[in-house]
>>> print(open('coords-v9.cif').read())   # mmCIF, C-alpha atoms
data_upload
loop_
_atom_site.label_atom_id
_atom_site.label_comp_id
_atom_site.auth_asym_id
_atom_site.auth_seq_id
_atom_site.Cartn_x
_atom_site.Cartn_y
_atom_site.Cartn_z
CA MET H 1 -9.61 2.47 12.76
CA PRO H 2 -11.56 4.74 10.39
CA HIS H 3 -9.54 6.82 7.96
CA ALA H 4 -10.58 9.92 6.05
CA PHE H 5 -9.98 8.55 2.57
CA ASP H 6 -10.68 10.53 -0.56
CA PRO H 7 -14.28 9.51 -1.50
CA GLU H 8 -13.31 8.18 -4.94
CA LEU H 9 -10.55 6.07 -3.41
CA ALA H 10 -12.80 4.80 -0.64
CA ALA H 11 -15.38 3.66 -3.19
CA ALA H 12 -12.74 1.59 -4.98
CA LEU H 13 -11.47 -0.23 -1.90
CA THR H 14 -13.94 -3.10 -2.19
CA MET H 15 -12.39 -4.01 -5.56
CA MET H 16 -8.76 -3.92 -4.38
CA GLU H 17 -6.98 -6.98 -3.05
CA PRO H 18 -4.75 -6.57 0.02
CA THR H 19 -1.06 -7.41 -0.15
CA ASP H 20 -0.29 -10.34 2.16
CA LEU H 21 3.44 -10.95 2.36
CA SER H 22 2.97 -13.60 5.04
CA ASP H 23 2.20 -16.07 2.22
CA LEU H 24 4.66 -14.81 -0.36
CA ALA H 25 4.19 -17.66 -2.83
CA ALA H 26 0.45 -17.05 -2.98
CA ALA H 27 0.91 -13.28 -3.20
CA ARG H 28 3.35 -13.67 -6.09
CA ALA H 29 1.06 -16.07 -7.93
CA ALA H 30 -1.92 -13.75 -7.57
CA GLN H 31 0.10 -10.77 -8.76
CA LYS H 32 1.45 -12.71 -11.74
CA ALA H 33 -2.08 -13.55 -12.86
CA ARG H 34 -3.25 -9.94 -12.48
CA LEU H 35 -0.25 -8.61 -14.37
CA ALA H 36 -0.62 -11.07 -17.21
CA ALA H 37 -4.18 -9.88 -17.78
CA ALA H 38 -3.21 -6.22 -17.52
CA VAL H 39 -0.28 -6.55 -19.93
CA ALA H 40 -2.40 -8.44 -22.44
CA ALA H 41 -4.98 -5.63 -22.36
CA ALA H 42 -2.48 -2.76 -22.48
CA ASP H 43 -2.51 -0.48 -25.51
CA THR H 44 1.05 -0.28 -26.89
CA THR H 45 0.08 1.87 -29.86
CA GLY H 46 2.86 4.30 -30.71
CA VAL H 47 5.42 2.67 -28.40
CA THR H 48 8.14 0.18 -29.25
CA VAL H 49 8.82 -2.21 -26.37
CA THR H 50 12.10 -4.15 -26.44
CA GLU H 51 13.46 -6.75 -24.04
CA LEU H 52 17.19 -6.27 -23.52
CA PRO H 53 19.66 -8.74 -21.97
CA GLY H 54 21.37 -5.99 -20.00
CA PRO H 55 24.39 -6.65 -17.79
CA GLY H 56 23.10 -9.95 -16.38
CA VAL H 57 19.89 -8.20 -15.32
CA PRO H 58 17.12 -8.06 -17.95
CA LEU H 59 15.98 -4.60 -18.95
CA ARG H 60 12.84 -3.49 -20.76
CA LEU H 61 13.13 -0.48 -23.06
CA TYR H 62 10.17 1.67 -24.09
CA ARG H 63 10.58 4.18 -26.92
CA PRO H 64 8.05 6.31 -28.83
CA ALA H 65 7.86 4.72 -32.27
CA ALA H 66 7.66 8.11 -33.99
CA ALA H 67 11.09 9.06 -32.63
CA GLY H 68 12.84 6.45 -34.75
CA SER H 69 16.45 6.19 -33.64
CA ALA H 70 16.72 9.82 -32.52
CA PRO H 71 18.44 10.17 -29.11
CA LEU H 72 15.97 10.81 -26.31
CA PRO H 73 16.09 11.61 -22.60
CA ALA H 74 15.52 8.51 -20.48
CA VAL H 75 13.80 7.62 -17.23
CA TYR H 76 15.26 4.62 -15.42
CA ARG H 77 12.13 3.48 -13.60
CA ILE H 78 12.33 0.85 -10.85
CA HIS H 79 9.18 -1.07 -9.91
CA GLY H 80 7.97 -1.49 -6.35
CA GLY H 81 6.78 -4.59 -4.53
CA GLY H 82 8.14 -4.57 -1.00
CA PHE H 83 11.53 -5.85 -2.24
CA THR H 84 9.87 -9.29 -2.53
CA MET H 85 7.43 -9.02 -5.43
CA GLY H 86 7.08 -7.42 -8.80
CA HIS H 87 8.43 -7.34 -12.32
CA PRO H 88 8.64 -4.66 -15.02
CA ASP H 89 5.05 -5.63 -15.86
CA VAL H 90 3.99 -3.84 -12.64
CA ASP H 91 4.68 -0.49 -14.29
CA HIS H 92 3.93 -1.51 -17.88
CA GLU H 93 0.90 0.72 -18.38
CA ALA H 94 2.50 3.63 -16.53
CA ASN H 95 5.68 3.28 -18.59
CA LEU H 96 3.69 3.29 -21.82
CA ARG H 97 1.92 6.44 -20.69
CA LEU H 98 5.13 8.16 -19.66
CA THR H 99 6.89 7.23 -22.92
CA ARG H 100 4.11 8.81 -24.95
CA ALA H 101 3.58 11.86 -22.78
CA LEU H 102 7.09 13.24 -22.41
CA PRO H 103 8.18 11.75 -24.95
CA CYS H 104 11.20 9.85 -23.72
CA ALA H 105 12.75 6.43 -23.40
CA VAL H 106 11.83 4.48 -20.26
CA VAL H 107 13.97 1.61 -19.01
CA SER H 108 12.79 -0.84 -16.35
CA PRO H 109 15.13 -3.40 -14.70
CA GLU H 110 14.03 -6.90 -13.69
CA TYR H 111 16.06 -6.97 -10.49
CA ARG H 112 16.42 -9.93 -8.14
CA LEU H 113 13.92 -10.19 -5.30
CA ALA H 114 14.21 -10.92 -1.58
CA PRO H 115 14.20 -13.07 0.47
CA GLU H 116 15.89 -15.38 -2.05
CA HIS H 117 18.25 -12.54 -2.94
CA PRO H 118 18.55 -10.11 0.00
CA TYR H 119 20.36 -6.77 0.05
CA PRO H 120 22.46 -5.82 -1.84
CA ALA H 121 21.43 -8.11 -4.73
CA GLY H 122 18.49 -6.05 -5.98
CA LEU H 123 20.38 -2.80 -5.59
CA ASP H 124 23.43 -4.20 -7.38
CA ASP H 125 21.17 -5.20 -10.28
CA CYS H 126 19.53 -1.78 -10.45
CA TYR H 127 22.82 0.08 -10.41
CA ALA H 128 24.40 -2.25 -12.98
CA GLY H 129 21.41 -1.71 -15.25
CA LEU H 130 21.72 2.07 -14.99
CA CYS H 131 25.44 1.93 -15.82
CA TRP H 132 24.78 -0.39 -18.76
CA LEU H 133 22.13 1.99 -20.05
CA ALA H 134 24.57 4.91 -19.94
CA GLU H 135 27.35 2.87 -21.56
CA HIS H 136 25.07 1.72 -24.42
CA ALA H 137 23.24 5.02 -24.79
CA ALA H 138 24.23 5.58 -28.42
CA GLU H 139 22.94 2.22 -29.66
CA LEU H 140 19.77 2.50 -27.57
CA GLY H 141 18.96 6.01 -28.75
CA VAL H 142 19.37 7.57 -25.33
CA ARG H 143 21.02 10.83 -24.31
CA PRO H 144 23.37 9.87 -21.45
CA GLU H 145 23.45 13.45 -20.17
CA ALA H 146 19.65 13.46 -19.77
CA LEU H 147 18.86 10.65 -17.34
CA ALA H 148 16.49 10.50 -14.38
CA VAL H 149 15.94 7.69 -11.91
CA ALA H 150 12.46 7.01 -10.58
CA GLY H 151 10.60 4.47 -8.48
CA ASP H 152 7.72 3.94 -6.13
CA SER H 153 7.64 2.29 -2.69
CA ALA H 154 10.52 -0.22 -2.50
CA GLY H 155 11.42 0.87 -6.03
CA ALA H 156 11.86 4.40 -4.71
CA CYS H 157 14.19 3.07 -2.01
CA LEU H 158 16.26 1.42 -4.73
CA ALA H 159 16.13 4.59 -6.84
CA ALA H 160 17.39 6.69 -3.91
CA ALA H 161 20.15 4.16 -3.25
CA VAL H 162 21.11 4.10 -6.95
CA ALA H 163 21.51 7.89 -6.79
CA LEU H 164 23.82 7.47 -3.78
CA LEU H 165 25.91 4.85 -5.59
CA ALA H 166 26.11 6.92 -8.78
CA ARG H 167 27.47 9.83 -6.75
CA ASP H 168 29.93 7.74 -4.73
CA ARG H 169 31.22 5.61 -7.61
CA GLY H 170 31.40 8.30 -10.25
CA GLY H 171 28.53 6.66 -12.14
CA PRO H 172 26.02 8.14 -14.58
CA SER H 173 24.99 11.73 -14.03
CA LEU H 174 21.35 12.05 -13.01
CA ARG H 175 19.16 15.09 -13.49
CA LEU H 176 16.48 13.98 -11.02
CA GLN H 177 15.51 11.32 -8.51
CA TYR H 178 11.71 10.89 -8.51
CA LEU H 179 10.69 9.11 -5.31
CA ASP H 180 7.02 8.13 -5.09
CA SER H 181 5.77 6.88 -1.69
CA PRO H 182 9.30 5.81 -0.82
CA SER H 183 10.14 3.02 1.62
CA LEU H 184 13.34 4.38 3.13
CA ASP H 185 13.74 3.51 6.80
CA ASP H 186 13.90 -0.02 8.23
CA ARG H 187 13.50 1.27 11.79
CA LEU H 188 9.78 2.05 11.29
CA THR H 189 9.68 4.42 14.25
CA THR H 190 7.98 7.44 12.67
CA PRO H 191 4.49 8.44 13.82
CA SER H 192 2.92 7.25 10.56
CA ALA H 193 4.78 3.91 10.69
CA LEU H 194 3.48 3.33 14.20
CA ARG H 195 -0.06 4.52 13.50
CA PHE H 196 -1.09 2.96 10.19
CA ILE H 197 -1.40 -0.71 11.06
CA ASP H 198 -4.55 -1.41 9.03
CA THR H 199 -4.38 0.79 5.93
CA PRO H 200 -5.12 -0.66 2.47
CA ILE H 201 -2.43 -2.04 0.14
CA TRP H 202 0.38 -1.35 2.63
CA ASN H 203 0.54 -1.14 6.40
CA ARG H 204 2.92 -1.64 9.30
CA PRO H 205 2.76 -5.48 9.33
CA SER H 206 3.59 -5.53 5.60
CA ALA H 207 6.47 -3.12 6.11
CA LEU H 208 7.93 -5.28 8.89
CA LEU H 209 7.82 -8.39 6.70
CA SER H 210 9.28 -6.49 3.77
CA TRP H 211 12.33 -5.22 5.65
CA ASP H 212 12.93 -8.64 7.25
CA ALA H 213 12.99 -10.19 3.79
CA TYR H 214 15.30 -7.53 2.33
CA LEU H 215 17.81 -7.23 5.17
CA GLY H 216 17.40 -10.57 6.92
CA ALA H 217 15.38 -11.46 10.00
CA GLY H 218 16.56 -9.55 13.05
CA VAL H 219 18.61 -7.04 11.05
CA PRO H 220 16.06 -4.23 10.57
CA GLY H 221 16.41 -1.65 13.31
CA SER H 222 19.92 -2.78 14.24
CA PRO H 223 22.68 -0.16 14.30
CA ASP H 224 24.75 -1.26 11.31
CA VAL H 225 22.27 -1.05 8.42
CA PRO H 226 23.98 0.99 5.65
CA VAL H 227 22.38 4.02 4.06
CA THR H 228 22.37 2.31 0.66
CA ALA H 229 20.02 -0.28 2.17
CA ALA H 230 17.88 2.26 4.02
CA PRO H 231 18.54 5.80 2.72
CA GLY H 232 16.28 7.22 5.43
CA ARG H 233 19.13 6.60 7.87
CA ALA H 234 21.40 9.06 6.05
CA THR H 235 22.46 12.29 7.68
CA ALA H 236 22.41 15.55 5.78
CA ALA H 237 26.18 15.30 5.35
CA GLU H 238 25.77 11.90 3.71
CA LEU H 239 23.23 13.30 1.25
CA ALA H 240 25.24 16.25 -0.03
CA GLY H 241 25.93 16.29 -3.74
CA LEU H 242 22.94 14.21 -4.79
CA PRO H 243 20.82 15.13 -7.82
CA PRO H 244 17.63 17.15 -7.30
CA ALA H 245 14.72 15.19 -5.86
CA HIS H 246 10.96 15.11 -6.08
CA VAL H 247 9.32 13.22 -3.21
CA THR H 248 5.66 12.26 -3.23
CA VAL H 249 3.89 10.93 -0.13
CA MET H 250 0.39 9.68 0.64
CA GLU H 251 -1.35 11.08 3.71
CA LEU H 252 -2.62 7.77 5.14
CA ASP H 253 0.46 5.64 4.52
CA PRO H 254 2.87 4.18 7.07
CA LEU H 255 5.68 5.38 4.79
CA ARG H 256 4.48 9.00 4.81
CA ASP H 257 6.75 10.43 7.49
CA GLU H 258 9.96 8.77 6.34
CA GLY H 259 9.40 10.33 2.93
CA ILE H 260 8.87 13.75 4.52
CA ASP H 261 11.92 13.27 6.73
CA TYR H 262 14.04 12.31 3.73
CA ALA H 263 12.93 15.38 1.81
CA ARG H 264 13.85 17.55 4.81
CA ALA H 265 17.25 15.87 5.10
CA LEU H 266 17.91 16.42 1.40
CA LEU H 267 17.03 20.09 1.77
CA ALA H 268 19.34 20.37 4.78
CA ALA H 269 22.08 18.87 2.61
CA GLY H 270 21.58 21.58 -0.02
CA VAL H 271 19.83 19.27 -2.50
CA THR H 272 17.05 20.96 -4.45
CA THR H 273 13.95 19.05 -3.38
CA GLU H 274 10.21 19.29 -3.95
CA LEU H 275 7.80 17.51 -1.62
CA HIS H 276 4.16 16.80 -2.41
CA LEU H 277 1.65 15.23 0.00
CA TYR H 278 -1.67 14.08 -1.43
CA PRO H 279 -4.51 14.31 1.12
CA GLY H 280 -6.92 11.44 1.62
CA THR H 281 -4.66 8.94 -0.11
CA PHE H 282 -3.25 5.56 0.90
CA HIS H 283 -0.24 3.67 -0.39
CA GLY H 284 -0.94 2.63 -3.97
CA SER H 285 -3.72 5.14 -4.57
CA ALA H 286 -2.41 5.64 -8.10
CA LEU H 287 -3.89 2.22 -8.90
CA VAL H 288 -7.35 3.84 -8.81
CA ARG H 289 -6.60 5.40 -12.19
CA HIS H 290 -10.04 6.89 -12.79
CA SER H 291 -9.89 9.00 -9.60
CA ALA H 292 -9.12 12.69 -9.80
CA VAL H 293 -6.22 12.38 -7.36
CA ALA H 294 -4.61 9.55 -9.35
CA ARG H 295 -4.91 11.62 -12.52
CA ARG H 296 -3.23 14.52 -10.74
CA MET H 297 -0.40 12.22 -9.63
CA ALA H 298 0.16 11.02 -13.19
CA GLU H 299 0.09 14.55 -14.57
CA GLU H 300 2.55 15.72 -11.94
CA GLU H 301 4.98 12.91 -12.72
CA VAL H 302 4.98 13.86 -16.39
CA ALA H 303 5.40 17.56 -15.62
CA VAL H 304 8.22 17.06 -13.10
CA LEU H 305 10.19 14.63 -15.25
CA GLY H 306 9.53 16.75 -18.32
CA ARG H 307 11.06 19.81 -16.65
CA ALA H 308 14.08 17.85 -15.44
CA LEU H 309 14.74 16.23 -18.81
CA ALA H 310 13.89 19.22 -20.99
CA TRP H 311 15.90 19.46 -24.15
#
>>> encode(input="coords-v9.cif", output="structure tokens")
Amino acid sequence: MPHAFDPELAAALTMMEPTDLSDLAAARAAQKARLAAAVAAADTTGVTVTELPGPGVPLRLYRPAAAGSAPLPAVYRIHGGGFTMGHPDVDHEANLRLTRALPCAVVSPEYRLAPEHPYPAGLDDCYAGLCWLAEHAAELGVRPEALAVAGDSAGACLAAAVALLARDRGGPSLRLQYLDSPSLDDRLTTPSALRFIDTPIWNRPSALLSWDAYLGAGVPGSPDVPVTAAPGRATAAELAGLPPAHVTVMELDPLRDEGIDYARALLAAGVTTELHLYPGTFHGSALVRHSAVARRMAEEEVAVLGRALAW
């Protein structure tokens, strides 16, 4: 069906490849090739990038070179990819930009992917990486009292779940959870999840395959899926005591309404929450970096995280 896309985004659609999770091996191979080219072309000037062994899960640390060893706030940023794809390289350029702009340290975990490693493997990796970061803050030049967790799409689901685990397990204190186009609800029963079956980058068929891979075939939509797997299932009572949240949603995205619903549930739980919907956008619109709306998204991320992590 026709969609009222932002004109700049619509013009870029012919150059964007769809995500086809039905052939996961091919999708991963294509993404790997694209990422290799993008990483090779990325400008790392002014940023020191270090690969860390982490706690059994590799971590990538970005620091502004001019900061030396001075302790900095840190953003623990989890890449997206439908739980089945991706690598820290997905966010490499964005992490470089964020490191320079704030300035801050950015840490990205290379968590295990489904379906080879279904829930809770990826979440366990992400939480272990956050704890390791806090425990090694002094040697990494990070201020453990100034941490935020962030992610987009499936990465935002993992970020929201990490915030839940940190609260429940007495883990690192977080100043903010930044959830960009979050995938939060395996039931896929919202109006946007039912409507957007043909949207670019991400649509209902992709979401169905993604949740099947993460939870196991036949599990999504069943009654016993825990809130750490699908935070959109949480009641307001289950969300009380979480760190402040910033939720960003795209207008023409099957994930739109679950992000709005989650923001409303957080507010009902007494969690300070800001919600921003970008009109005319689809899932992954930030990839069209030259567009005005993508520039606004990037500027907002810097401003929101900057306020939360202010010295």
>>> closest_residue(input="coords-v9.cif", among="H:Ala12, H:Ala230, H:Ala237, H:Leu252", to="Leu194 (chain H)", atoms="only C-alpha atoms")
H:Leu252
>>> closest_residue(input="coords-v9.cif", among="H:Cys126, H:Ala234, H:Val149, H:Leu59", to="Val107 (chain H)", atoms="only C-alpha atoms")
H:Leu59
>>> residues_near_point(input="coords-v9.cif", point="(14.8, -13.5, 1.3)", cutoff="10 Å", atoms="only C-alpha atoms", output="PDB file with C-alpha atoms, in the frame of the given file")
ATOM      1  CA  PHE H  83      11.530  -5.850  -2.240  1.00  0.00           C
ATOM      2  CA  THR H  84       9.870  -9.290  -2.530  1.00  0.00           C
ATOM      3  CA  LEU H 113      13.920 -10.190  -5.300  1.00  0.00           C
ATOM      4  CA  ALA H 114      14.210 -10.920  -1.580  1.00  0.00           C
ATOM      5  CA  PRO H 115      14.200 -13.070   0.470  1.00  0.00           C
ATOM      6  CA  GLU H 116      15.890 -15.380  -2.050  1.00  0.00           C
ATOM      7  CA  HIS H 117      18.250 -12.540  -2.940  1.00  0.00           C
ATOM      8  CA  PRO H 118      18.550 -10.110   0.000  1.00  0.00           C
ATOM      9  CA  TYR H 119      20.360  -6.770   0.050  1.00  0.00           C
ATOM     10  CA  SER H 210       9.280  -6.490   3.770  1.00  0.00           C
ATOM     11  CA  TRP H 211      12.330  -5.220   5.650  1.00  0.00           C
ATOM     12  CA  ASP H 212      12.930  -8.640   7.250  1.00  0.00           C
ATOM     13  CA  ALA H 213      12.990 -10.190   3.790  1.00  0.00           C
ATOM     14  CA  TYR H 214      15.300  -7.530   2.330  1.00  0.00           C
ATOM     15  CA  LEU H 215      17.810  -7.230   5.170  1.00  0.00           C
ATOM     16  CA  GLY H 216      17.400 -10.570   6.920  1.00  0.00           C
ATOM     17  CA  ALA H 217      15.380 -11.460  10.000  1.00  0.00           C
TER      18      ALA H 217
END
>>> atom_distance(input="coords-v9.cif", atom1="CA of Thr272 (chain H)", atom2="CA of Gly241 (chain H)")
10.1 Å
>>> resolve_selection(input="coords-v9.cif", expression="the PyMOL selection byres ((chain H and resi 284) around 10)", output="list in words")
Asp152, Ser153, Asp180, Ser181, Pro200, Ile201, Trp202, Met250, Asp253, Thr281, Phe282, His283, Ser285, Ala286, Leu287, Val288 and Ala294 of chain H
>>> closest_residue(input="coords-v9.cif", among="H:His79, H:Arg60, H:Arg233, H:Arg187", to="Arg112 (chain H)", atoms="only C-alpha atoms")
H:His79
>>> residues_around(input="coords-v9.cif", residues="Arg204 (chain H)", least_positions_apart="4", cutoff="10 Å", atoms="all atoms listed in the file", output="PyMOL selection string")
chain H and resi 188+192-199+208-210+253-255
>>> residues_near_point(input="coords-v9.cif", point="(21.8, 2.2, 3.7)", cutoff="12 Å", atoms="only C-alpha atoms", output="PyMOL selection string")
chain H and resi 119-120+123+157-158+160-165+183-187+214-215+220-235+238-239
>>> residues_around(input="coords-v9.cif", residues="region 173-177 of chain H", least_positions_apart="2", cutoff="10 Å", atoms="all atoms listed in the file", output="count of residues only")
37
>>> closest_residue(input="coords-v9.cif", among="H:Gly86, H:Tyr62, H:Leu13, H:Ala137", to="Arg34 (chain H)", atoms="all atoms listed in the file")
H:Gly86
>>> closest_residue(input="coords-v9.cif", among="H:Glu251, H:Glu274, H:Asp23, H:Glu93", to="Val49 (chain H)", atoms="only C-alpha atoms")
H:Glu93
>>> closest_residue(input="coords-v9.cif", among="H:Ser108, H:Ala36, H:Glu300, H:Ala66", to="Thr50 (chain H)", atoms="only C-alpha atoms")
H:Ser108
>>> atom_distance(input="coords-v9.cif", atom1="CA of Leu133 (chain H)", atom2="CA of Arg28 (chain H)")
28.2 Å
